[in-house]
>>> print(open('query-v8.pdb').read())   # PDB, C-alpha atoms and all ligand atoms
ATOM      1  CA  MET D   1     -49.930   1.000  -2.690
ATOM      2  CA  THR D   2     -49.448   3.870  -0.285
ATOM      3  CA  GLN D   3     -46.172   4.839   1.346
ATOM      4  CA  LEU D   4     -45.015   7.025   4.201
ATOM      5  CA  ARG D   5     -41.384   8.012   4.490
ATOM      6  CA  VAL D   6     -39.875   8.115   7.998
ATOM      7  CA  ASN D   7     -36.379   9.601   7.671
ATOM      8  CA  GLN D   8     -34.581   7.109   5.382
ATOM      9  CA  SER D   9     -37.130   4.315   5.918
ATOM     10  CA  VAL D  10     -40.498   3.550   4.345
ATOM     11  CA  ILE D  11     -43.828   2.263   5.677
ATOM     12  CA  GLU D  12     -45.850   0.700   2.870
ATOM     13  CA  ILE D  13     -49.459  -0.512   2.678
ATOM     14  CA  VAL D  14     -50.412  -3.162   0.105
ATOM     15  CA  GLN D  15     -53.272  -5.586  -0.414
ATOM     16  CA  GLY D  16     -52.085  -9.169  -0.827
ATOM     17  CA  ASP D  17     -50.941 -12.444   0.672
ATOM     18  CA  ILE D  18     -48.189 -12.296   3.297
ATOM     19  CA  THR D  19     -46.867 -15.733   2.346
ATOM     20  CA  GLN D  20     -45.803 -14.369  -1.078
ATOM     21  CA  GLN D  21     -43.711 -11.462   0.228
ATOM     22  CA  ASP D  22     -40.039 -11.065  -0.658
ATOM     23  CA  THR D  23     -39.098  -9.045   2.421
ATOM     24  CA  GLU D  24     -36.313 -10.570   4.560
ATOM     25  CA  ALA D  25     -38.841 -11.382   7.285
ATOM     26  CA  ILE D  26     -42.591 -11.757   7.505
ATOM     27  CA  GLY D  27     -44.618 -11.331  10.669
ATOM     28  CA  ASN D  28     -47.113 -13.944  11.788
ATOM     29  CA  ALA D  29     -50.190 -13.377  13.966
ATOM     30  CA  ALA D  30     -49.454 -16.323  16.264
ATOM     31  CA  ASN D  31     -51.151 -17.557  19.441
ATOM     32  CA  SER D  32     -49.331 -17.765  22.772
ATOM     33  CA  ARG D  33     -48.953 -21.545  22.557
ATOM     34  CA  LEU D  34     -47.255 -21.089  19.152
ATOM     35  CA  ALA D  35     -49.439 -24.005  18.149
ATOM     36  CA  GLY D  36     -50.401 -22.903  14.657
ATOM     37  CA  GLY D  37     -54.041 -22.364  13.797
ATOM     38  CA  GLY D  38     -56.320 -20.819  11.224
ATOM     39  CA  GLY D  39     -56.099 -17.481   9.465
ATOM     40  CA  VAL D  40     -52.736 -16.058   8.577
ATOM     41  CA  ASP D  41     -50.924 -18.430  10.981
ATOM     42  CA  GLY D  42     -52.260 -21.497   9.140
ATOM     43  CA  ALA D  43     -51.415 -19.959   5.765
ATOM     44  CA  ILE D  44     -47.797 -19.268   6.812
ATOM     45  CA  HIS D  45     -47.233 -22.798   8.159
ATOM     46  CA  ARG D  46     -48.789 -24.343   5.029
ATOM     47  CA  ALA D  47     -46.659 -22.246   2.687
ATOM     48  CA  GLY D  48     -43.457 -22.461   4.747
ATOM     49  CA  GLY D  49     -43.620 -26.192   5.454
ATOM     50  CA  PRO D  50     -43.023 -28.221   8.623
ATOM     51  CA  SER D  51     -39.558 -26.877   9.470
ATOM     52  CA  ILE D  52     -41.138 -23.752  10.988
ATOM     53  CA  MET D  53     -43.218 -25.719  13.503
ATOM     54  CA  ASP D  54     -40.261 -28.041  14.212
ATOM     55  CA  GLU D  55     -38.115 -25.025  15.099
ATOM     56  CA  LEU D  56     -40.839 -23.463  17.254
ATOM     57  CA  ARG D  57     -41.255 -26.718  19.214
ATOM     58  CA  ALA D  58     -37.511 -27.151  19.641
ATOM     59  CA  LYS D  59     -36.711 -23.611  20.775
ATOM     60  CA  TYR D  60     -39.696 -22.096  22.552
ATOM     61  CA  LYS D  61     -42.268 -23.037  25.160
ATOM     62  CA  GLY D  62     -44.902 -20.628  23.951
ATOM     63  CA  CYS D  63     -44.700 -16.847  23.832
ATOM     64  CA  PRO D  64     -46.434 -14.306  26.083
ATOM     65  CA  THR D  65     -49.049 -11.992  24.624
ATOM     66  CA  GLY D  66     -47.386  -8.769  23.479
ATOM     67  CA  SER D  67     -44.121 -10.504  22.619
ATOM     68  CA  ALA D  68     -42.633 -12.327  19.621
ATOM     69  CA  VAL D  69     -40.183 -15.079  18.663
ATOM     70  CA  ILE D  70     -38.215 -15.737  15.476
ATOM     71  CA  THR D  71     -37.697 -18.805  13.273
ATOM     72  CA  GLY D  72     -36.372 -19.463   9.803
ATOM     73  CA  GLY D  73     -38.752 -19.140   6.858
ATOM     74  CA  GLY D  74     -38.672 -22.726   5.572
ATOM     75  CA  ASN D  75     -39.933 -22.772   1.983
ATOM     76  CA  LEU D  76     -41.019 -19.130   2.037
ATOM     77  CA  LYS D  77     -39.235 -16.421   0.051
ATOM     78  CA  ALA D  78     -38.678 -14.647   3.381
ATOM     79  CA  LYS D  79     -35.632 -15.890   5.281
ATOM     80  CA  TYR D  80     -37.313 -15.427   8.675
ATOM     81  CA  VAL D  81     -40.762 -15.579  10.264
ATOM     82  CA  ILE D  82     -41.375 -13.443  13.334
ATOM     83  CA  HIS D  83     -44.241 -14.952  15.308
ATOM     84  CA  ALA D  84     -45.922 -12.113  17.199
ATOM     85  CA  VAL D  85     -48.682 -12.706  19.725
ATOM     86  CA  GLY D  86     -51.294  -9.963  19.729
ATOM     87  CA  PRO D  87     -54.049  -9.668  22.359
ATOM     88  CA  ILE D  88     -57.528 -11.124  22.108
ATOM     89  CA  TYR D  89     -59.647  -7.943  22.068
ATOM     90  CA  SER D  90     -61.205  -7.465  25.519
ATOM     91  CA  ARG D  91     -62.087  -3.731  25.590
ATOM     92  CA  SER D  92     -59.544  -3.272  28.378
ATOM     93  CA  SER D  93     -56.938  -0.526  28.305
ATOM     94  CA  LYS D  94     -54.268  -3.231  28.199
ATOM     95  CA  ASP D  95     -55.243  -4.222  24.661
ATOM     96  CA  ALA D  96     -53.536  -1.275  22.987
ATOM     97  CA  LYS D  97     -50.321  -1.705  24.996
ATOM     98  CA  LEU D  98     -50.135  -5.392  24.181
ATOM     99  CA  LEU D  99     -50.801  -4.874  20.491
ATOM    100  CA  SER D 100     -48.173  -2.131  20.293
ATOM    101  CA  SER D 101     -45.713  -4.306  22.172
ATOM    102  CA  ALA D 102     -46.272  -7.242  19.759
ATOM    103  CA  TYR D 103     -45.187  -5.009  16.857
ATOM    104  CA  ARG D 104     -42.338  -3.355  18.789
ATOM    105  CA  THR D 105     -40.866  -6.666  19.960
ATOM    106  CA  SER D 106     -40.990  -7.909  16.366
ATOM    107  CA  LEU D 107     -39.058  -4.849  15.199
ATOM    108  CA  GLU D 108     -36.516  -5.327  18.013
ATOM    109  CA  LEU D 109     -35.961  -8.877  16.730
ATOM    110  CA  CYS D 110     -35.326  -7.402  13.265
ATOM    111  CA  THR D 111     -32.679  -5.097  14.708
ATOM    112  CA  GLN D 112     -31.052  -7.957  16.648
ATOM    113  CA  HIS D 113     -30.943 -10.194  13.567
ATOM    114  CA  LYS D 114     -29.899  -7.452  11.122
ATOM    115  CA  ILE D 115     -33.145  -7.755   9.181
ATOM    116  CA  SER D 116     -33.791  -4.586   7.194
ATOM    117  CA  SER D 117     -37.203  -5.370   5.697
ATOM    118  CA  ILE D 118     -40.328  -6.961   7.160
ATOM    119  CA  ALA D 119     -43.937  -7.466   6.071
ATOM    120  CA  PHE D 120     -46.660  -7.599   8.737
ATOM    121  CA  PRO D 121     -50.232  -8.860   8.581
ATOM    122  CA  SER D 122     -52.922  -7.061  10.566
ATOM    123  CA  ILE D 123     -52.256  -8.673  13.944
ATOM    124  CA  SER D 124     -55.300  -9.367  16.200
ATOM    125  CA  THR D 125     -57.971  -8.083  13.790
ATOM    126  CA  GLY D 126     -59.156 -11.506  12.581
ATOM    127  CA  VAL D 127     -60.306 -14.165  15.025
ATOM    128  CA  TYR D 128     -58.927 -12.061  17.921
ATOM    129  CA  GLY D 129     -61.559  -9.414  17.202
ATOM    130  CA  TYR D 130     -59.592  -6.161  17.504
ATOM    131  CA  PRO D 131     -61.452  -3.362  15.648
ATOM    132  CA  VAL D 132     -59.402  -2.584  12.532
ATOM    133  CA  GLU D 133     -59.659   1.225  12.824
ATOM    134  CA  GLU D 134     -58.047   1.193  16.265
ATOM    135  CA  ALA D 135     -55.592  -1.598  15.490
ATOM    136  CA  SER D 136     -54.359   0.083  12.310
ATOM    137  CA  ARG D 137     -53.514   3.310  14.145
ATOM    138  CA  ILE D 138     -51.674   1.432  16.889
ATOM    139  CA  ALA D 139     -49.744  -0.654  14.346
ATOM    140  CA  LEU D 140     -48.712   2.331  12.224
ATOM    141  CA  ASP D 141     -47.861   4.599  15.185
ATOM    142  CA  THR D 142     -45.725   1.903  16.786
ATOM    143  CA  VAL D 143     -43.804   1.261  13.574
ATOM    144  CA  LYS D 144     -43.345   4.969  12.881
ATOM    145  CA  GLU D 145     -41.984   5.640  16.379
ATOM    146  CA  TYR D 146     -39.591   2.696  16.128
ATOM    147  CA  LEU D 147     -38.303   3.700  12.692
ATOM    148  CA  LYS D 148     -37.513   7.214  13.925
ATOM    149  CA  GLY D 149     -34.761   5.765  16.128
ATOM    150  CA  HIS D 150     -33.827   2.746  13.979
ATOM    151  CA  PRO D 151     -32.645   3.652  10.465
ATOM    152  CA  GLU D 152     -31.244   0.121  10.060
ATOM    153  CA  ILE D 153     -34.787  -1.019   9.203
ATOM    154  CA  LYS D 154     -35.458   0.266   5.698
ATOM    155  CA  LEU D 155     -38.883  -1.132   4.879
ATOM    156  CA  VAL D 156     -41.954  -2.104   6.894
ATOM    157  CA  ARG D 157     -44.771  -3.294   4.644
ATOM    158  CA  PHE D 158     -48.295  -4.014   5.875
ATOM    159  CA  VAL D 159     -49.919  -6.715   3.768
ATOM    160  CA  LEU D 160     -53.682  -6.687   4.137
ATOM    161  CA  PHE D 161     -55.601  -9.652   2.860
ATOM    162  CA  ASP D 162     -59.055  -8.206   2.246
ATOM    163  CA  ASN D 163     -59.997  -4.946   0.586
ATOM    164  CA  LYS D 164     -61.868  -3.566   3.619
ATOM    165  CA  THR D 165     -58.878  -3.959   5.952
ATOM    166  CA  PHE D 166     -56.568  -2.590   3.261
ATOM    167  CA  LYS D 167     -58.710   0.568   2.926
ATOM    168  CA  VAL D 168     -58.751   1.146   6.683
ATOM    169  CA  TYR D 169     -54.937   0.906   6.889
ATOM    170  CA  GLU D 170     -54.592   3.126   3.845
ATOM    171  CA  ASP D 171     -56.809   5.806   5.434
ATOM    172  CA  ALA D 172     -54.905   5.564   8.731
ATOM    173  CA  LEU D 173     -51.587   6.039   6.928
ATOM    174  CA  LYS D 174     -52.930   9.030   4.971
ATOM    175  CA  GLU D 175     -54.179  10.557   8.228
ATOM    176  CA  MET D 176     -50.705  10.137   9.730
ATOM    177  CA  GLU D 177     -49.147  11.805   6.705
ATOM    178  CA  LEU D 178     -51.352  14.862   7.234
ATOM    179  CA  ILE D 179     -50.384  15.308  10.870
ATOM    180  CA  SER D 180     -46.688  14.415  10.531
TER
HETATM  181  P1  LIG D 201     -55.627 -12.955  14.846
HETATM  182  O1  LIG D 201     -55.918 -14.259  15.545
HETATM  183  O2  LIG D 201     -54.368 -12.268  15.370
HETATM  184  O3  LIG D 201     -56.811 -12.041  14.804
HETATM  185  P2  LIG D 201     -56.061 -13.879  12.076
HETATM  186  O4  LIG D 201     -55.173 -14.771  11.299
HETATM  187  O5  LIG D 201     -57.408 -14.408  12.470
HETATM  188  O6  LIG D 201     -55.215 -13.379  13.358
HETATM  189  O7  LIG D 201     -56.299 -12.533  11.251
HETATM  190  C1  LIG D 201     -55.372 -11.500  11.155
HETATM  191  C2  LIG D 201     -55.490 -10.856   9.781
HETATM  192  O8  LIG D 201     -54.762 -11.635   8.837
HETATM  193  C3  LIG D 201     -56.914 -10.742   9.235
HETATM  194  O9  LIG D 201     -57.076  -9.435   8.680
HETATM  195  C4  LIG D 201     -56.935 -11.805   8.127
HETATM  196  O10 LIG D 201     -57.827 -11.444   7.085
HETATM  197  C5  LIG D 201     -55.515 -11.715   7.639
HETATM  198  N1  LIG D 201     -54.999 -12.831   6.814
HETATM  199  C6  LIG D 201     -55.448 -14.098   6.674
HETATM  200  N2  LIG D 201     -54.685 -14.771   5.795
HETATM  201  C7  LIG D 201     -53.727 -13.898   5.348
HETATM  202  C8  LIG D 201     -52.655 -13.968   4.413
HETATM  203  N3  LIG D 201     -52.369 -15.088   3.756
HETATM  204  N4  LIG D 201     -51.886 -12.838   4.225
HETATM  205  C9  LIG D 201     -52.135 -11.703   4.899
HETATM  206  N5  LIG D 201     -53.133 -11.580   5.789
HETATM  207  C10 LIG D 201     -53.922 -12.659   6.005
END
>>> encode(input="query-v8.pdb", output="structure tokens", more="lines below")
Ligand code: ADP
Amino acid sequence: MTQLRVNQSVIEIVQGDITQQDTEAIGNAANSRLAGGGGVDGAIHRAGGPSIMDELRAKYKGCPTGSAVITGGGNLKAKYVIHAVGPIYSRSSKDAKLLSSAYRTSLELCTQHKISSIAFPSISTGVYGYPVEEASRIALDTVKEYLKGHPEIKLVRFVLFDNKTFKVYEDALKEMELIS
């Protein structure tokens, strides 16, 4: 585990399974139809049970790329799931803005719902093809900037499933520590 302190808050990097996290909220890498799918999205719906999809269908008609919506956590330890829609990597300059916005909107939902801890997966770097080196810097920079102005969020944990992705996030966080 590696940590970076931002004022009174902490950014943490761990290798593991997001469905097992005990943070108040977990982030999901959702698609814009909020239709469920493979990867981390499938794992969260399987572990959380059908109430999450029921709530998504009842409340939302999809979610634009770069935004996020919130539901309860069903059978998960986390009380909430924040379904963030990252971009499909297209090599356009919009990719970075949309990825950053997916994380920022998720953090804004935390503030609105008085959620002080959240665990995120690596949004967009699976099936959506975003290179992990770039995505990790965007994710960490976005969270760090948000935490500077939002001490109400105490913990943001990145939970990386595979060792390669974990190492890339760990290096990106260490790099940030050196320049901060
Ligand atoms: P996207 O479509 O946004 O790229 P994916 O689900 O395909 O989303 O992948 C995003 C990341 O989530 C990948 O690094 C993948 O390895 C990881 N992942 C898959 N299952 C889990 C899990 N249970 N916990 C945490 N991360 C996971």
>>> closest_residue(input="query-v8.pdb", among="D:Gly72, D:His113, D:Asp171, D:Glu134", to="Arg91 of chain D", atoms="all atoms listed in the file")
D:Glu134
>>> closest_residue(input="query-v8.pdb", among="D:Ala96, D:Ile138, D:Val132, D:Ala78", to="Asp22 of chain D", atoms="all atoms listed in the file")
D:Ala78
>>> residues_near_ligand(input="query-v8.pdb", ligand="ligand LIG 201 (chain D)", cutoff="9 Å", atoms="all atoms listed in the file", output="number ranges by chain")
D: 15-20, 28-31, 37-44, 84-89, 120-130, 132, 158-162, 165-166
>>> residues_near_point(input="query-v8.pdb", point="(-39.5, -23.7, 9.9)", cutoff="10 Å", atoms="all atoms listed in the file", output="PyMOL selection string")
chain D and resi 44-45+48-57+70-76+79-81
>>> atom_distance(input="query-v8.pdb", atom1="atom CA of Ser67 of chain D", atom2="atom CA of Leu155 of chain D")
20.7 Å
>>> residues_near_point(input="query-v8.pdb", point="(-37.9, -3.4, 16.7)", cutoff="9 Å", atoms="only C-alpha atoms", output="PyMOL selection string")
chain D and resi 103-112+143+146-147+150+153
>>> residues_around(input="query-v8.pdb", residues="segment 60-64 of chain D", least_positions_apart="6", cutoff="6 Å", atoms="all atoms listed in the file", output="PyMOL selection string")
chain D and resi 32-34
>>> atom_distance(input="query-v8.pdb", atom1="atom CA of Ser92 of chain D", atom2="atom CA of Pro131 of chain D")
12.9 Å
